[in-house]
Structure formats: structure tokens, C-alpha cells
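Undergrad: Structure incoming, see below.
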Amino acid sequence: MTPLLEVRGLSKRFGSVRALDGVDFDAAQGELTGLIGPNGAGKSTAFGCIAGAMRPSGGSIRFASQEIAGLAYHRVARLGVGRTYQIVQTFADMTVLESVTTGALLRHPRVADARAHAEELLAFTGLAAKRDRLGRMLTIADKKRLEVARALATEPKLLLLDEVMAGLTPAECRDAVALLRRILERGVTVVMVEHVMEVLMPIAHHVVVIAAGKTIFSGAPAEAVRDPGVVAAYLGPPLEAAS
Amino acid sequence: MSPRPHLIALAAIVVLGLLYAFGSKDAVTLDLVFTLFLYATLGQSWNWISGYAGNISFGHAIFFGCGAYAAALCTNAGLSPWLAVPAGALVAAALALVTGFPTLALRGHYFSIATIAVGALVDTYVRTQGWLGMANGFELPIKNGLGWLQFSDKGPYVALALGLFALVQLATLALERSRLGYYLRALRANHAAAASVGIDERRWKLIAFTSCATFAALAGVLYAQYTLFVDPPSTLALSISIDIALIGVVGGIGTLWGPLVGASVYVLLAKEVALRLGGSGKGYDLVIYGAIICLIAAWRPHGIVGSIIDALRRRRGAADVVSVQNPAEAA
Ligand SMILES: Nc1ncnc2c1ncn2[C@@H]1O[C@H](COP(=O)(O)OP(=O)(O)OP(=O)(O)O)[C@@H](O)[C@H]1O
Ligand SMILES: [Mg+2]
């Protein structure tokens with residue numbers, strides 16, 4: 001079976017900075033792929049290019065056997081790519097329910113239908129009690145949770161999660177992992193950037209390591225931490241605290 | 001929130017307004033009330049694109065002008081000004097489309113600048129066209145009756161302005177509950193996050209902009225039939241566009257009742273300025289409005305209605321406010 005997402009030779013330049021310099025990786029249908037690498041490796045930039053938030057300088061991105069590199073952001077979302085942001089991007093003046101309803105309107109154009117789906121997702125993500133809070137009034141953990149719910153509301157085939165655990169307490173992390181497992185049970189394919197290896201290792205089916213804009217490893221999670229190239233790229237202990 | 005209280009408030013305004021329109025003989029106050037509802041309508045029209053969608057328009061007068069000139073042309077051609085309703089609305093929508101298409105999805109102030117430019121362009125164009133009365137404008141022939149949208153008393157005009165305001169208010173109430181309304185607010189809050197959930201910024205903002213341009217055109221038709229005279233300074237000028245924006249900002253952008261509150265402040269202020277400074281007051285009013293804008297920007301950026309909503313929300317959920325200072329925010 002062809003992977004849901006195939007990234008080949010992806011490159012992105014910001015002026016003279018080569019943020020991505022030929023990144024290759026696949027995300028298999030229904031699996032969780034961990035995307036790791038040192039700070040500034042280009043992980044968030046790769047997400048931006050895949051989701052359509054930024055136009056890649058070169059390379060190919062095939063999603064569900066369709067080339068999507070350079071496609072408009074909202075079109076990629078329409079095709080079934082959902083994403084969260086490393087630096088949360090909440091709809092500050094909307095309530096939790098309204099934010100998720102906004103996401104659900106993509107597949108359910110009638111507001112009443114979208115709301116019903118949003119309510120369901122709030123229960124699924126554990127945000128139901130906070131449905132009437134404004135986005136800007138949430139804690140960081142809830143904002144991240146809200147971003148996941150909002151992305152899920154678009155009923156994506158592929159979900160890109162950028163450091164959803166960063167800044168969370170251990171208890172909040174455990175809740176987030178449980179949520180992640182439930183998302184996978186729904187059949188959503190997940191690519192996840194995560195610095196906390198202990199979180200990623202037990203749940204990832206596959207790990208891709210990028211450093212300085214290039215893929216340096218792709219394989220099983222257990223092998224990644226033993227790979228000399230990966231260890232060297234991190235220049236020290238790969239078990240890094242959340243940034 | 002349920003729309004009930006808003007509908008009840010609107011019904012009360014309509015009933016009281018109608019009683020007043022047909023009960024009062026005070027021409028000065030009737031004129032003030034007509035202006036109030038006309039400006040509230042224009043303010044609400046502006047509020048769609050600049051309040052809910054967050055793209056500040058400084059060219060809203062041209063849509064008003066489309067309606068006013070359409071009415072003047074129709075009446076002068078011996079046609080019913082009711083024909084100007086679709087005609088003016090259509091031209092206004094077309095102007096909104098060509099202004100908005102290249103600029104509404106751009107970041108920064110390109111849209112605002114484009115509205116000023118198109119406004120100046122239309123203003124200049126009209127001043128050079130003989131069939132549009134050049135810079136002098138032209139009068140409308142005097143007729144009578146609903147078919148001609150002309151009446152010997154001010155009462156029916158007030159009633160029509162009130163009716164138009166009520167219609168636009170209902171449309172806005174529907175907007176707030178519609179897919180378009182959710183999308184506009186999402187785009188204003190965070191355009192990137194909005195795109196990430198599949199919202200096509202240009203498409204939805206164009207729908208909003210063309211719709212609200214037609215509201216302003218309808219107000220223009222009514223205005224021309226009321227004053228029986230149109231010319232660029234009274235219907236197209238940048239100063240009118242700025243007044244409209246002022247009404248929207250003072251009342252509270254992106255709120256249902258902001259434009260009515262803003263228009264009330266504006267009308268009362270305009271009356272005071274005219275009363276105390278007379279003809280020599282021309283120009284002073286601009287200074288006063290400028291000062292008000294600065295005060296609002298510095299002290300109450302959400303306008304009058306926005307500040308009230310904030311205060312209510314704070315009272316209802318004091319616990320929520322505490323979490324704003326959550327230290328995790330800084331991370
Ligand atoms: N908009 C931008 N303009 C210029 N340079 C950028 C931009 N975005 C990212 N970069 C640069 O591109 C490189 C990759 O950044 P990116 O954010 O993708 O890294 P990352 O792997 O997500 O890092 P982190 O772990 O810190 O989140 C960095 O050198 C960064 O400074
Ligand atoms: Mg990053």
C-alpha cells in the first residue's frame with residue numbers, strides 16, 4: 001500500500017537560510033510517525049510546507065497520491081490535512097465551542113450540524129466543561145487541546161501535531177497521550193513533532209530524524225536512539241527536556 | 001446566545017420609532033432621527049467588512065453614492081426610484097468586487113488603501129461626467145407617493161429609514177449565526193489558523209464585502225429621495241467614508257448594536273457642534289471626531305458596546321479572568 005504522505009527532496013529557503021535541504025519521509029496510513037530533530041532542524045518548516053502554510057522552494061509532497069506542494073493552505077485542509085501550531089494560534093475572541101464549530105463547518109456547512117459535531121469532539125478531547133470559555137482565557141494545555149480538537153473537526157485523514165506536549169505537566173502529558181491513542185483508534189494518520197522522547201517512543205510506529213534540513217534517519221523508534229548519526233546530530237544526550 | 005433579546009429590542013425600537021415617525025410634527029427632530037437610522041445602517045454595513053471581518057474600509061461612501069446616484073438618475077429619467085434599488089445595489093456590489101478581489105486576502109493595510117484609492121477615483125470620475133452632474137451634482141424632480149419614494153412629510157422617510165435599519169439589523173443577527181459569520185470572526189482572529197481549517201479568505205470576505213456594499217447602496221437611494229439632491233461632497237467624499245468608519249469604531253466594531261450606538265453619538269455630536277459653533281463650526285467637528293477616535297483607541301478599543309460586553313463577561317466569569325494571568329502563558 002502506498003503511504004498516505006510521501007515527501008521527497010523537500011526544500012525551503014528563507015533568503016540565504018536553507019531551513020529544509022532535501023527532506024524525504026513517508027507517513028503510512030493509520031500509523032503515528034514521529035518527526036524529531038534538534039532545535040532549528042526544520043521540523044516546523046516541514047509542517048508548514050506540507051500543510052500549505054508556506055510554499056516549498058523545491059521537492060514533492062504527495063498526499064493520498066496527489067501532488068500538493070505549493071497548493072493554497074485552505075485547499076490542503078479541504079483535501080484532508082489538519083495541523084496544530086507549535087506556538088498556539090487560537091481564535092482569541094471565540095469560545096471553545098465556537099472555535100471547534102468553525103473547524104467542523106468545513107464538512108458540515110449548516111451551523112447546527114457543525115455545532116453538533118463540535119460538541120461531540122469536545123467530549124472526545126475532554127474540553128466539554130470549558131465549552132463557553134474564550135480561547136484567550138485558556139491555560140496553555142487547554143489551548144493545545146483546543147487546537148487538536150479544532151483540527152480534528154475538519155475530519156482530516158492526516159493530522160500534523162507540532163509539539164503538542166511542550167510546556168505540559170506530566171499529568172497533562174499523560175492525558176495528551178491517551179487522547180493521541182484515541183485519535184489513532186479513529187484511523188487518523190498522525191505525524192508528530194515531539195522533543196520528549198519518553199513520550200514519543202512507546203506510541204510511535206516509525207521515527208524520522210531530521211537535522212540541518214536533511215533526513216538523517218528513518219526507521220523503528222528503538223533504533224533511532226541507538227543510531228550514531230542521530231546521537232551525533234544531537235551533540236549530546238538525545239533525551240532533551242521540553243523546550 | 002439566543003437571538004430573542006435582540007429581536008425584542010429591535011421590535012421595541014421599530015414600534016417606538018413608527019409611533020414617533022407618524023406622531024411627531026417636529027421637523028428638526030424627525031430629521032435627526034432619519035439621519036440616525038440612515039447612519040446606523042451605513043455603520044452596520046461598514047461593520048460587516050471592517051468589524052466582523054476586520055478589514056477597515058475608508059471608501060464606504062462610494063457604495064452609498066451608488067444608490068444615491070442611481071436614484072437620482074432613475075427619477076430624472078422618469079423611472080421609479082424603486083428601480084434604483086437593484087441597480088444601485090448591483091453597481092455597488094460590482095465596485096466592491098473589483099476593490100476587494102485583489103486586496104481582501106492581502107496582509108497589512110492594502111485593502112484600506114485600495115478603498116481610499118477607489119473612493120478618490122469614483123469621486124473624481126463623477127466630477128468629470130456631464131451625465132452625472134459633474135461637480136455640481138443635480139436635483140431630483142419633485143414627485144409624490146410611495147411609487148416615487150417621495151413624501152410631503154418627514155414621517156414616512158423616518159419609517160423607511162427605520163425599516164431599512166431593521167432589515168440590516170436582522171441580516172446581521174443572521175450573519176452572527178451563519179457559517180459566514182463564524183468564518184469572518186475566525187479570519188479576523190487569526191487568518192493562518194482559519195486557513196488551516198479550510199477557510200478561503202478571499203471567497204468569504206468577498207461575499208461579506210459585496211453584501212454590505214448593497215446595504216449602503218439602499219441607504220443611498222433613500223437619502224437621495226429624502227434630500228432630492230445629490231452631489232459628490234454629500235454622497236461620495238472621503239469625509240463621509242471617515243464618518244461611517246467613525247460610527248462603527250465608536251459604537252464597537254464587530255458588535256450587533258455598536259453601529260446604532262455610534263450613530264447616536266455621532267448625530268448628537270453633530271447637532272451640538274452645529275448648534276454651538278454654527279456655520280463657523282465646519283472643520284471643528286473633524287477635530288472633535290479625531291480626538292474621540294484617539295480617546296477610543298487609547299482607552300476603549302472595543303468601543304462602547306464592546307466595553308459593555310467585556311464588562312458583562314467579566315462579571316459572569318470572574319474565575320476565567322484569573323486564568324489570563326496563568327504563568328504557563330509565558331512559556
Ligand atoms: N519565517 C522564517 N523566516 C526565516 N527563517 C526561518 C523562518 N522560519 C524558520 N526559519 C529558520 O529555519 C530553520 C528551521 O526552523 P524550524 O522552526 O522549522 O525548526 P524546528 O525544527 O521546528 O525547531 P524547534 O525544535 O526549535 O521548533 C531555523 O534556522 C529557523 O531560524
Ligand atoms: Mg518547531
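FYI, nothing fancy with the C-alpha cells labels: chains A, B, ... in order, residues from 1 per chain, ligands from 1 as they appear.
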Write out as a ChimeraX atom specification each polymer residue whose atoms come within 12 Å of Arg83 in chain A, counting only C-alpha atoms; drop sequence neighbours fewer than 2 positions from it.
TA: /A:44,46-53,73-74,76-77,80-81,85-89,103,144,146-164,189-193 /B:192-198
Undergrad: Export, as a JSON list (two decimals), in the first residue's frame, the selected residues with C-alpha atoms.
TA:
```json
[["chain", "number", "residue", "atom", "x", "y", "z"],
["A", 44, "SER", "CA", 8.05, 23.11, 11.87],
["A", 46, "ALA", "CA", 8.37, 20.90, 7.04],
["A", 47, "PHE", "CA", 4.89, 21.01, 8.62],
["A", 48, "GLY", "CA", 4.31, 24.45, 7.20],
["A", 49, "CYS", "CA", 5.19, 23.24, 3.70],
["A", 50, "ILE", "CA", 3.07, 20.10, 3.92],
["A", 51, "ALA", "CA", 0.03, 21.94, 5.31],
["A", 52, "GLY", "CA", 0.32, 24.64, 2.66],
["A", 53, "ALA", "CA", 1.05, 27.49, 5.06],
["A", 73, "TYR", "CA", -3.40, 26.47, 2.55],
["A", 74, "HIS", "CA", -7.20, 26.16, 2.68],
["A", 76, "VAL", "CA", -4.80, 21.38, 1.52],
["A", 77, "ALA", "CA", -7.05, 21.47, 4.58],
["A", 80, "GLY", "CA", -7.79, 16.29, 4.50],
["A", 81, "VAL", "CA", -4.68, 17.64, 6.20],
["A", 85, "TYR", "CA", 0.86, 25.01, 15.70],
["A", 86, "GLN", "CA", 3.96, 24.85, 17.87],
["A", 87, "ILE", "CA", 3.13, 28.38, 19.01],
["A", 88, "VAL", "CA", -0.61, 28.11, 19.57],
["A", 89, "GLN", "CA", -2.82, 30.07, 17.21],
["A", 103, "GLY", "CA", -13.46, 23.74, 12.07],
["A", 144, "LYS", "CA", -3.11, 22.93, 22.74],
["A", 146, "LEU", "CA", -8.30, 23.07, 21.61],
["A", 147, "GLU", "CA", -6.01, 23.16, 18.59],
["A", 148, "VAL", "CA", -6.20, 19.39, 18.34],
["A", 149, "ALA", "CA", -10.00, 19.49, 18.61],
["A", 150, "ARG", "CA", -10.24, 22.25, 16.01],
["A", 151, "ALA", "CA", -8.04, 20.31, 13.59],
["A", 152, "LEU", "CA", -9.96, 17.08, 14.21],
["A", 153, "ALA", "CA", -13.19, 18.95, 13.50],
["A", 154, "THR", "CA", -12.14, 19.24, 9.86],
["A", 155, "GLU", "CA", -12.15, 15.41, 9.76],
["A", 156, "PRO", "CA", -8.58, 15.11, 8.48],
["A", 157, "LYS", "CA", -7.03, 11.97, 7.05],
["A", 158, "LEU", "CA", -3.64, 13.25, 8.16],
["A", 159, "LEU", "CA", -3.01, 15.18, 11.36],
["A", 160, "LEU", "CA", 0.22, 17.13, 11.87],
["A", 161, "LEU", "CA", 0.94, 17.78, 15.56],
["A", 162, "ASP", "CA", 3.76, 20.21, 16.35],
["A", 163, "GLU", "CA", 4.97, 19.78, 19.96],
["A", 164, "VAL", "CA", 1.53, 19.40, 21.50],
["A", 189, "THR", "CA", -2.79, 9.09, 10.37],
["A", 190, "VAL", "CA", -0.58, 11.22, 12.62],
["A", 191, "VAL", "CA", 2.79, 12.87, 12.12],
["A", 192, "MET", "CA", 4.05, 14.32, 15.34],
["A", 193, "VAL", "CA", 6.95, 16.56, 16.25],
["B", 192, "ALA", "CA", -3.49, 31.48, 9.26],
["B", 193, "ALA", "CA", -5.36, 29.31, 11.72],
["B", 194, "ALA", "CA", -8.52, 30.00, 9.72],
["B", 195, "ALA", "CA", -6.88, 28.76, 6.53],
["B", 196, "SER", "CA", -5.71, 25.66, 8.40],
["B", 197, "VAL", "CA", -9.36, 24.67, 8.89],
["B", 198, "GLY", "CA", -10.12, 25.17, 5.21]]
```
Undergrad: How would you write, as a CSV table (one decimal) with N, CA and C atoms, in the first residue's frame, the set of residues no farther than 10 Å from ligand 1 when counting only C-alpha atoms and all ligand atoms?
TA:
```csv
chain,number,residue,atom,x,y,z
A,12,LYS,N,13.3,24.3,1.5
A,12,LYS,CA,12.7,25.6,1.8
A,12,LYS,C,13.8,26.5,2.2
A,13,ARG,N,13.9,27.6,1.4
A,13,ARG,CA,14.9,28.6,1.8
A,13,ARG,C,14.2,29.9,2.3
A,14,PHE,N,14.7,30.5,3.4
A,14,PHE,CA,14.3,31.8,3.8
A,14,PHE,C,15.5,32.7,3.5
A,15,GLY,N,15.5,33.4,2.4
A,15,GLY,CA,16.7,34.2,2.0
A,15,GLY,C,17.8,33.3,1.8
A,16,SER,N,18.9,33.5,2.6
A,16,SER,CA,20.0,32.6,2.5
A,16,SER,C,20.0,31.4,3.4
A,17,VAL,N,19.0,31.4,4.3
A,17,VAL,CA,18.9,30.2,5.2
A,17,VAL,C,18.2,29.1,4.5
A,18,ARG,N,18.9,27.9,4.5
A,18,ARG,CA,18.3,26.7,4.0
A,18,ARG,C,17.6,26.0,5.1
A,19,ALA,N,16.4,26.3,5.4
A,19,ALA,CA,15.7,25.6,6.5
A,19,ALA,C,15.5,24.1,6.2
A,20,LEU,N,15.1,23.9,5.0
A,20,LEU,CA,15.0,22.5,4.5
A,20,LEU,C,15.8,22.3,3.3
A,35,LEU,N,8.4,12.8,14.2
A,35,LEU,CA,9.4,13.6,13.5
A,35,LEU,C,10.2,14.3,14.5
A,36,ILE,N,11.5,14.0,14.6
A,36,ILE,CA,12.3,14.6,15.6
A,36,ILE,C,13.6,15.2,15.0
A,37,GLY,N,14.3,15.9,15.8
A,37,GLY,CA,15.5,16.6,15.4
A,37,GLY,C,15.8,17.7,16.3
A,38,PRO,N,17.1,18.2,16.3
A,38,PRO,CA,17.5,19.3,17.2
A,38,PRO,C,16.7,20.6,16.9
A,39,ASN,N,16.8,21.5,17.8
A,39,ASN,CA,16.2,22.8,17.6
A,39,ASN,C,16.7,23.4,16.3
A,40,GLY,N,15.8,24.0,15.5
A,40,GLY,CA,16.1,24.6,14.2
A,40,GLY,C,16.4,23.6,13.1
A,41,ALA,N,16.1,22.3,13.3
A,41,ALA,CA,16.3,21.3,12.3
A,41,ALA,C,15.5,21.5,11.1
A,42,GLY,N,14.3,22.1,11.2
A,42,GLY,CA,13.4,22.4,10.1
A,42,GLY,C,12.1,21.6,10.3
A,43,LYS,N,11.8,21.1,11.4
A,43,LYS,CA,10.6,20.3,11.6
A,43,LYS,C,9.3,21.1,11.4
A,44,SER,N,9.2,22.3,12.0
A,44,SER,CA,8.1,23.1,11.9
A,44,SER,C,7.9,23.6,10.4
A,45,THR,N,9.1,23.9,9.8
A,45,THR,CA,9.1,24.4,8.5
A,45,THR,C,8.5,23.3,7.5
A,46,ALA,N,8.9,22.0,7.8
A,46,ALA,CA,8.4,20.9,7.0
A,46,ALA,C,6.8,20.8,7.2
A,47,PHE,N,6.4,21.0,8.4
A,47,PHE,CA,4.9,21.0,8.6
A,47,PHE,C,4.2,22.1,7.8
A,48,GLY,N,4.9,23.3,7.9
A,48,GLY,CA,4.3,24.5,7.2
A,48,GLY,C,4.2,24.2,5.7
A,49,CYS,N,5.2,23.5,5.1
A,49,CYS,CA,5.2,23.2,3.7
A,49,CYS,C,4.1,22.2,3.4
A,54,MET,N,3.2,27.5,3.9
A,54,MET,CA,4.3,28.1,3.2
A,54,MET,C,4.5,27.3,1.9
A,86,GLN,N,3.0,24.9,16.7
A,86,GLN,CA,4.0,24.8,17.9
A,86,GLN,C,3.7,26.0,18.8
A,87,ILE,N,3.6,27.2,18.2
A,87,ILE,CA,3.1,28.4,19.0
A,87,ILE,C,1.6,28.5,18.8
A,162,ASP,N,2.4,19.6,16.1
A,162,ASP,CA,3.8,20.2,16.4
A,162,ASP,C,3.9,20.5,17.8
A,163,GLU,N,4.7,19.6,18.5
A,163,GLU,CA,5.0,19.8,20.0
A,163,GLU,C,3.7,20.1,20.8
A,193,VAL,N,5.7,16.0,15.8
A,193,VAL,CA,7.0,16.6,16.3
A,193,VAL,C,6.9,16.6,17.8
A,194,GLU,N,8.0,16.0,18.4
A,194,GLU,CA,8.0,15.9,19.8
A,194,GLU,C,9.4,15.8,20.3
A,195,HIS,N,9.7,16.7,21.3
A,195,HIS,CA,11.1,16.7,21.9
A,195,HIS,C,11.2,15.6,23.0
A,210,ILE,N,15.3,14.5,11.4
A,210,ILE,CA,16.0,15.5,10.5
A,210,ILE,C,16.9,16.4,11.3
A,211,ALA,N,18.0,16.8,10.6
A,211,ALA,CA,19.0,17.7,11.2
A,211,ALA,C,19.5,18.6,10.1
A,212,ALA,N,19.6,19.8,10.4
A,212,ALA,CA,20.0,20.9,9.5
A,212,ALA,C,19.3,20.7,8.1
A,213,GLY,N,18.0,20.5,8.2
A,213,GLY,CA,17.2,20.4,6.9
A,213,GLY,C,17.3,19.2,6.1
A,242,ALA,N,11.6,19.3,27.5
A,242,ALA,CA,10.7,20.1,26.7
A,242,ALA,C,11.2,21.5,26.6
A,243,SER,N,11.2,22.1,25.4
A,243,SER,CA,11.7,23.5,25.2
A,243,SER,C,10.6,24.5,25.6
```
Undergrad: If you run DSSP on the backbone here, which positions in range 80-228 of chain B get strand (DSSP E or B)? Please write them as a VMD selection string.
TA: chain B and resid 138 to 139 145 150
Undergrad: I want to know what sits within 12 Å of Gly67 in chain B, based on only C-alpha atoms, with residues of the same chain fewer than 4 positions away left out; could you give that as a ChimeraX atom specification?
TA: /B:60-63,71-74,81-93,213-225,230,235-236
Undergrad: Taking only C-alpha atoms and all ligand atoms into account, which of A:Pro221, A:Val199, A:Thr84, A:Asp175 comes nearest ligand 2?
TA: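 The closest residue to ligand 2 is A:Thr84.
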Undergrad: Would you please give, as a compact mmCIF listing (two decimals) with C-alpha atoms, in the first residue's frame, all residues of range 98-290 of chain B that DSSP assigns to helix (DSSP H, G or I) based on the backbone?
TA:
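Everything below was put into selection-v3.txt:
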```
# COMPACT_ATOMS: atom_id res chain seq x y z
CA VAL B 98 -13.20 44.81 -8.10
CA THR B 99 -11.87 46.59 -4.99
CA GLY B 100 -11.90 43.52 -2.80
CA PHE B 101 -10.79 40.76 -5.13
CA PRO B 102 -7.13 41.77 -5.39
CA THR B 103 -6.81 43.17 -1.85
CA TYR B 110 -3.58 47.19 1.28
CA PHE B 111 -7.32 46.84 1.46
CA SER B 112 -7.78 50.08 3.38
CA ILE B 113 -5.54 51.93 0.95
CA ALA B 114 -7.37 50.41 -2.02
CA THR B 115 -10.72 51.59 -0.64
CA ILE B 116 -9.35 55.14 -0.32
CA ALA B 117 -7.95 54.97 -3.86
CA VAL B 118 -11.14 53.61 -5.40
CA GLY B 119 -13.12 56.18 -3.43
CA ALA B 120 -10.99 59.01 -4.82
CA LEU B 121 -11.23 57.52 -8.30
CA VAL B 122 -15.02 57.32 -8.22
CA ASP B 123 -15.27 60.82 -6.75
CA THR B 124 -13.03 62.25 -9.48
CA TYR B 125 -14.77 60.31 -12.22
CA VAL B 126 -18.20 61.57 -11.21
CA ARG B 127 -16.91 65.16 -11.15
CA THR B 128 -15.92 64.88 -14.81
CA GLY B 130 -21.82 65.52 -17.53
CA TRP B 131 -24.50 62.85 -17.21
CA LEU B 132 -23.65 62.59 -13.52
CA LEU B 146 -44.66 55.57 -2.36
CA GLY B 147 -44.09 54.64 -6.02
CA TRP B 148 -41.77 57.63 -6.31
CA GLY B 155 -42.66 60.79 8.83
CA PRO B 156 -42.67 58.22 6.02
CA TYR B 157 -38.96 58.81 5.39
CA VAL B 158 -38.21 58.14 9.03
CA ALA B 159 -40.31 54.99 8.82
CA LEU B 160 -38.43 53.82 5.72
CA ALA B 161 -35.03 54.53 7.29
CA LEU B 162 -36.16 52.63 10.35
CA GLY B 163 -37.36 49.73 8.18
CA LEU B 164 -34.06 49.61 6.32
CA PHE B 165 -32.14 49.66 9.58
CA ALA B 166 -34.31 46.86 10.96
CA LEU B 167 -33.70 44.75 7.84
CA VAL B 168 -29.94 45.23 8.02
CA GLN B 169 -30.05 44.51 11.73
CA LEU B 170 -31.90 41.23 11.08
CA ALA B 171 -29.38 40.34 8.38
CA THR B 172 -26.56 40.98 10.85
CA LEU B 173 -28.23 38.87 13.50
CA ALA B 174 -28.41 36.08 10.91
CA LEU B 175 -24.79 36.73 9.95
CA GLU B 176 -23.65 36.18 13.52
CA ARG B 179 -21.23 29.95 8.51
CA LEU B 180 -20.12 33.28 7.03
CA GLY B 181 -20.24 34.90 10.46
CA TYR B 182 -18.13 32.18 12.07
CA TYR B 183 -15.65 32.36 9.22
CA LEU B 184 -15.31 36.14 9.31
CA ARG B 185 -14.64 36.14 13.03
CA ALA B 186 -12.13 33.31 12.64
CA LEU B 187 -10.35 35.17 9.84
CA ARG B 188 -10.21 38.35 11.89
CA ALA B 189 -8.88 36.49 14.91
CA HIS B 191 -6.10 34.25 9.30
CA ALA B 192 -3.49 31.48 9.26
CA ALA B 193 -5.36 29.31 11.72
CA ALA B 194 -8.52 30.00 9.72
CA ALA B 195 -6.88 28.76 6.53
CA SER B 196 -5.71 25.66 8.40
CA GLU B 201 -10.20 34.08 2.98
CA ARG B 202 -10.81 35.81 -0.32
CA ARG B 203 -14.05 33.99 -1.07
CA TRP B 204 -15.75 34.61 2.25
CA LYS B 205 -14.59 38.20 2.63
CA LEU B 206 -15.79 38.97 -0.89
CA ILE B 207 -19.21 37.63 -0.01
CA ALA B 208 -19.27 39.86 3.06
CA PHE B 209 -17.98 42.92 1.23
CA THR B 210 -20.37 42.71 -1.72
CA SER B 211 -23.33 42.06 0.60
CA CYS B 212 -22.64 45.03 2.83
CA ALA B 213 -21.97 47.29 -0.17
CA THR B 214 -25.55 46.66 -1.27
CA PHE B 215 -26.86 47.72 2.17
CA ALA B 216 -25.04 51.02 1.83
CA ALA B 217 -26.48 51.48 -1.66
CA LEU B 218 -30.01 51.05 -0.32
CA ALA B 219 -29.32 53.78 2.23
CA GLY B 220 -28.11 55.94 -0.66
CA VAL B 221 -31.37 55.52 -2.56
CA LEU B 222 -33.35 56.62 0.46
CA TYR B 223 -31.04 59.55 1.12
CA ALA B 224 -31.36 60.90 -2.44
CA GLN B 225 -35.15 60.63 -2.30
CA TYR B 226 -35.09 62.49 1.02
CA THR B 227 -32.81 65.40 0.15
CA PRO B 232 -20.06 64.34 -4.70
CA PRO B 233 -19.42 66.09 -1.35
CA SER B 234 -22.68 64.87 0.15
CA THR B 235 -22.60 61.28 -1.12
CA LEU B 238 -13.77 60.66 1.73
CA SER B 239 -15.05 62.66 4.71
CA ILE B 240 -18.30 60.69 4.58
CA SER B 241 -16.40 57.41 4.44
CA ILE B 242 -14.50 58.52 7.53
CA ASP B 243 -17.72 59.46 9.34
CA ILE B 244 -19.07 55.99 8.62
CA ALA B 245 -15.91 54.36 9.95
CA LEU B 246 -16.06 56.62 13.00
CA ILE B 247 -19.60 55.49 13.77
CA GLY B 248 -18.50 51.88 13.56
CA VAL B 249 -15.45 52.35 15.77
CA VAL B 250 -17.13 54.47 18.46
CA GLY B 251 -20.05 52.07 18.82
CA GLY B 258 -22.43 49.11 18.03
CA PRO B 259 -23.44 50.96 14.85
CA LEU B 260 -26.71 52.26 16.36
CA VAL B 261 -24.89 53.48 19.46
CA GLY B 262 -22.13 55.00 17.34
CA ALA B 263 -24.68 56.73 15.11
CA SER B 264 -26.47 58.14 18.17
CA VAL B 265 -23.24 59.63 19.49
CA TYR B 266 -22.46 60.97 16.04
CA VAL B 267 -25.86 62.57 15.46
CA LEU B 268 -25.96 64.18 18.90
CA LEU B 269 -22.44 65.45 18.47
CA ALA B 270 -23.12 66.80 15.00
CA LYS B 271 -26.15 68.64 16.37
CA GLU B 272 -24.22 70.11 19.30
CA VAL B 273 -21.40 71.23 17.03
CA ALA B 274 -23.82 72.84 14.61
CA LEU B 275 -25.74 74.47 17.46
CA ARG B 276 -22.78 75.91 19.33
CA LEU B 277 -20.44 76.74 16.51
CA GLY B 278 -22.92 77.35 13.72
CA GLY B 279 -21.56 77.65 10.20
CA SER B 280 -18.13 78.53 11.57
CA GLY B 281 -18.06 75.07 13.14
CA TYR B 284 -14.09 71.89 14.26
CA ASP B 285 -16.27 68.82 14.13
CA LEU B 286 -13.40 66.97 12.44
CA VAL B 287 -11.08 67.98 15.27
CA ILE B 288 -13.59 66.70 17.81
CA TYR B 289 -14.10 63.41 15.94
CA GLY B 290 -10.34 62.96 15.63
```
